[in-house]
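Student: The structure follows.
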Amino acid sequence: MNEEELNEMIIKCPVCSVEGKAKSIMKELEIPHFGKVLETSIQCPVCGFKHSDIIALEQNDPAKYVLEINKNTLTVRVVRSQSATVSIPEIGIKVEPGPKSEGYVTNVEGILNRFEDAVKKALNLFDDAESQENGKNTLKEIQELKKGNGTATLIIQDPFGQSNIVSDSAKILEIPEEELRELKTGFSHIEDK
């Protein structure tokens, strides 16, 4: 990564509202296989608030990235833009972008960790028998994949083509027009009447 520009400011914390303590840092970076991004972070030493995000600065053609998850692909680098949908259909899990979606760079195991955390939160929220059974089964399937047992398919669909799975094993496919229309972007829009 080549650091191109760094902006640092001391700001009012967006959480505790203490003036002049939180540090906001913005860096423009060039990431191989991805392009130019703006990395932002805010940290407040008063309340401990931390937030970071990666915002793509370039738009590419819509793309679907597909990779088989197995014991050999757990360390494959994954770049997920804030507009991408991530799914593992065999397990029935999917994360779609919303207004507060964040981009991140991780690996396949990191994606599994994020799904695992989300399922654990859902188990705490929904206490009916069916939700608990489904959640525990999903959790077990994720944990087996993390151990390198079995296979599944990681799919990242990005309407702006800003995500990537950095592996020769990954397939990069076009997204059919009808599928593209159904994809969420995480951005609000107003339609003309």
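Residue numbers start at 1 in each chain; chains themselves are named A, B, ... in the order of the structure tokens; ligands are numbered from 1 in the order shown.
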Which residues are close to Val76 in chain A, i.e. within 8 Å by only C-alpha atoms, leaving aside same-chain residues fewer than 2 positions away? Reply as a ChimeraX atom specification.
Tutor: /A:73-74,78,107-108,165-167
Student: Go ahead and save the residues from that selection, with N, CA and C atoms, as a short mmCIF file (atom, residue, chain, number, x, y, z; two decimals), in the first residue's frame.
Tutor:
```cif
data_model
loop_
_atom_site.label_atom_id
_atom_site.label_comp_id
_atom_site.auth_asym_id
_atom_site.auth_seq_id
_atom_site.Cartn_x
_atom_site.Cartn_y
_atom_site.Cartn_z
N THR A 73 -8.17 -22.36 1.63
CA THR A 73 -8.51 -20.98 1.23
C THR A 73 -8.84 -20.08 2.42
N LEU A 74 -8.69 -20.56 3.64
CA LEU A 74 -9.03 -19.76 4.83
C LEU A 74 -8.19 -18.48 4.94
N VAL A 78 -9.51 -11.03 1.33
CA VAL A 78 -10.82 -10.59 0.85
C VAL A 78 -10.96 -9.10 1.10
N ASN A 107 -9.49 -11.81 5.63
CA ASN A 107 -9.30 -13.04 4.87
C ASN A 107 -10.57 -13.88 5.02
N VAL A 108 -10.62 -15.05 4.38
CA VAL A 108 -11.84 -15.87 4.42
C VAL A 108 -12.19 -16.23 5.86
N ILE A 165 -11.62 -10.81 -4.23
CA ILE A 165 -11.07 -11.98 -3.55
C ILE A 165 -9.74 -12.22 -4.26
N VAL A 166 -8.65 -12.04 -3.54
CA VAL A 166 -7.33 -12.03 -4.15
C VAL A 166 -6.76 -13.45 -4.18
N SER A 167 -7.19 -14.21 -5.19
CA SER A 167 -6.74 -15.60 -5.34
C SER A 167 -6.95 -16.04 -6.78
#
```
Student: Neighbours of range 28-43 of chain A within 8 Å (only C-alpha atoms; same-chain residues fewer than 3 positions away dropped), as an NGL selection string?
Tutor: :A and (1-6 or 22-25 or 48-58 or 79 or 162-164 or 166)
Student: Within range 31-148 of chain A, find each residue whose DSSP state, derived from the backbone, is helix (DSSP H, G or I), and express the selection as a PyMOL selection string.
Tutor: chain A and resi 108-125+129-146
Student: For the residues selected in the previous step, produce a file with C-alpha atoms as a short mmCIF file (atom, residue, chain, number, x, y, z; two decimals), in the first residue's frame.
Tutor:
```cif
data_model
loop_
_atom_site.label_atom_id
_atom_site.label_comp_id
_atom_site.auth_asym_id
_atom_site.auth_seq_id
_atom_site.Cartn_x
_atom_site.Cartn_y
_atom_site.Cartn_z
CA VAL A 108 -11.84 -15.87 4.42
CA GLU A 109 -11.48 -16.88 8.08
CA GLY A 110 -12.16 -13.25 9.03
CA ILE A 111 -15.40 -13.36 7.00
CA LEU A 112 -16.38 -16.55 8.87
CA ASN A 113 -15.57 -14.83 12.18
CA ARG A 114 -17.87 -11.93 11.27
CA PHE A 115 -20.70 -14.32 10.42
CA GLU A 116 -20.04 -16.25 13.64
CA ASP A 117 -20.28 -13.05 15.71
CA ALA A 118 -23.53 -12.08 13.96
CA VAL A 119 -25.12 -15.49 14.64
CA LYS A 120 -24.08 -15.31 18.32
CA LYS A 121 -25.76 -11.89 18.60
CA ALA A 122 -28.90 -13.28 16.94
CA LEU A 123 -28.94 -16.18 19.43
CA ASN A 124 -29.02 -13.62 22.26
CA LEU A 125 -31.86 -11.67 20.60
CA ALA A 129 -36.90 -22.80 20.07
CA GLU A 130 -36.82 -22.66 16.26
CA SER A 131 -34.48 -19.63 16.14
CA GLN A 132 -32.19 -21.18 18.74
CA GLU A 133 -31.98 -24.50 16.86
CA ASN A 134 -31.36 -22.79 13.50
CA GLY A 135 -28.78 -20.46 15.02
CA LYS A 136 -26.89 -23.26 16.76
CA ASN A 137 -26.84 -25.36 13.57
CA THR A 138 -25.54 -22.39 11.56
CA LEU A 139 -22.91 -21.68 14.21
CA LYS A 140 -21.73 -25.30 14.10
CA GLU A 141 -21.43 -25.20 10.28
CA ILE A 142 -19.38 -21.98 10.43
CA GLN A 143 -17.09 -23.43 13.11
CA GLU A 144 -16.54 -26.61 11.05
CA LEU A 145 -15.51 -24.50 8.04
CA LYS A 146 -13.09 -22.54 10.24
#
```
Student: Quick one: residues within 9 Å of Pro62 in chain A, only C-alpha atoms counted, chain neighbours fewer than 3 positions away excluded, as a list in words?
Tutor: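 Here the qualifying residues turn out to be Gln59, Gln157, Asp158, Pro159, Phe160, Gly161, Gln162, Leu173, Glu174, Ile175 and Leu180 of chain A.
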Student: Based on the selection just made, write N, CA and C atoms of those residues as a PDB file, in the first residue's frame.
Tutor:
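File again-v9.pdb, as written:
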```
ATOM      1  N   GLN A  59     -14.911   3.601  -9.224  1.00  0.00           N
ATOM      2  CA  GLN A  59     -16.028   2.716  -9.542  1.00  0.00           C
ATOM      3  C   GLN A  59     -15.644   1.846 -10.727  1.00  0.00           C
ATOM      4  N   GLN A 157     -21.074 -10.082  -4.075  1.00  0.00           N
ATOM      5  CA  GLN A 157     -21.673  -9.387  -5.215  1.00  0.00           C
ATOM      6  C   GLN A 157     -21.556  -7.897  -4.962  1.00  0.00           C
ATOM      7  N   ASP A 158     -20.898  -7.211  -5.889  1.00  0.00           N
ATOM      8  CA  ASP A 158     -20.652  -5.791  -5.704  1.00  0.00           C
ATOM      9  C   ASP A 158     -21.128  -5.017  -6.929  1.00  0.00           C
ATOM     10  N   PRO A 159     -22.196  -4.215  -6.765  1.00  0.00           N
ATOM     11  CA  PRO A 159     -22.727  -3.465  -7.909  1.00  0.00           C
ATOM     12  C   PRO A 159     -21.757  -2.415  -8.452  1.00  0.00           C
ATOM     13  N   PHE A 160     -20.736  -2.041  -7.661  1.00  0.00           N
ATOM     14  CA  PHE A 160     -19.759  -1.050  -8.105  1.00  0.00           C
ATOM     15  C   PHE A 160     -18.393  -1.679  -8.388  1.00  0.00           C
ATOM     16  N   GLY A 161     -18.293  -2.998  -8.266  1.00  0.00           N
ATOM     17  CA  GLY A 161     -17.061  -3.712  -8.600  1.00  0.00           C
ATOM     18  C   GLY A 161     -15.854  -3.314  -7.784  1.00  0.00           C
ATOM     19  N   GLN A 162     -16.069  -2.897  -6.546  1.00  0.00           N
ATOM     20  CA  GLN A 162     -14.965  -2.394  -5.727  1.00  0.00           C
ATOM     21  C   GLN A 162     -14.415  -3.437  -4.755  1.00  0.00           C
ATOM     22  N   LEU A 173     -17.180 -13.009 -12.066  1.00  0.00           N
ATOM     23  CA  LEU A 173     -18.251 -13.161 -13.041  1.00  0.00           C
ATOM     24  C   LEU A 173     -19.021 -11.855 -13.196  1.00  0.00           C
ATOM     25  N   GLU A 174     -19.675 -11.712 -14.341  1.00  0.00           N
ATOM     26  CA  GLU A 174     -20.584 -10.581 -14.521  1.00  0.00           C
ATOM     27  C   GLU A 174     -21.854 -10.856 -13.735  1.00  0.00           C
ATOM     28  N   ILE A 175     -22.520  -9.794 -13.303  1.00  0.00           N
ATOM     29  CA  ILE A 175     -23.802  -9.936 -12.624  1.00  0.00           C
ATOM     30  C   ILE A 175     -24.888  -9.684 -13.661  1.00  0.00           C
ATOM     31  N   LEU A 180     -28.691  -7.694 -10.853  1.00  0.00           N
ATOM     32  CA  LEU A 180     -28.103  -6.407 -10.478  1.00  0.00           C
ATOM     33  C   LEU A 180     -29.172  -5.439  -9.953  1.00  0.00           C
TER      34      LEU A 180
END
```
Student: Pick out each residue of range 10-186 of chain A that DSSP on the backbone tags as strand (DSSP E); I need them as a PyMOL selection string.
Tutor: chain A and resi 10-11+22-31+35-43+50-56+63-69+77-80+85-88+93-95+104-107+152-158+164-166+171-173
Student: List the spatial neighbours of Glu177 in chain A as a list in words - criterion: any atom at most 12 Å away, only C-alpha atoms, same-chain residues fewer than 4 positions off excluded.
Tutor: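 The neighbour list is Asp61, Pro62, Ala63, Pro159, Arg181, Glu182 and Leu183 of chain A.
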Student: With only C-alpha atoms counted and 10 Å as the cut-off, give the residues of range 8-69 of chain A in contact with range 88-97 of chain A, each with its shortest interatomic distance in Å and the pair that gives it, as JSON lines.
Tutor:
```
{"residue": "A:Val66", "atom": "CA", "partner": "A:Ile88", "partner_atom": "CA", "distance": 9.9}
{"residue": "A:Leu67", "atom": "CA", "partner": "A:Ile88", "partner_atom": "CA", "distance": 9.9}
{"residue": "A:Glu68", "atom": "CA", "partner": "A:Ile88", "partner_atom": "CA", "distance": 9.7}
{"residue": "A:Ile69", "atom": "CA", "partner": "A:Ile88", "partner_atom": "CA", "distance": 9.2}
```
Student: For the atom pair CA of Lys184 in chain A and CA of Ala152 in chain A, what is the interatomic distance in Å to one decimal place?
Tutor: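 A separation of 23.1 Å between them.
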Student: May I ask for the distance between CA of Gly148 in chain A and CA of Lys64 in chain A, given in Å to one decimal place?
Tutor: 24.0 Å
Student: Have a look at A:Thr106, A:Gly98, A:Lys27, A:Pro45 and name the one nearest to Thr75 in chain A; count only C-alpha atoms.
Tutor: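 That would be A:Thr106, the residue with the smallest distance to Thr75 in chain A.
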Student: State, in Å with one decimal place, the distance from CA of Met9 in chain A to CA of Ala84 in chain A.
Tutor: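 Pair CA of Met9 in chain A / CA of Ala84 in chain A returns 29.4 Å.
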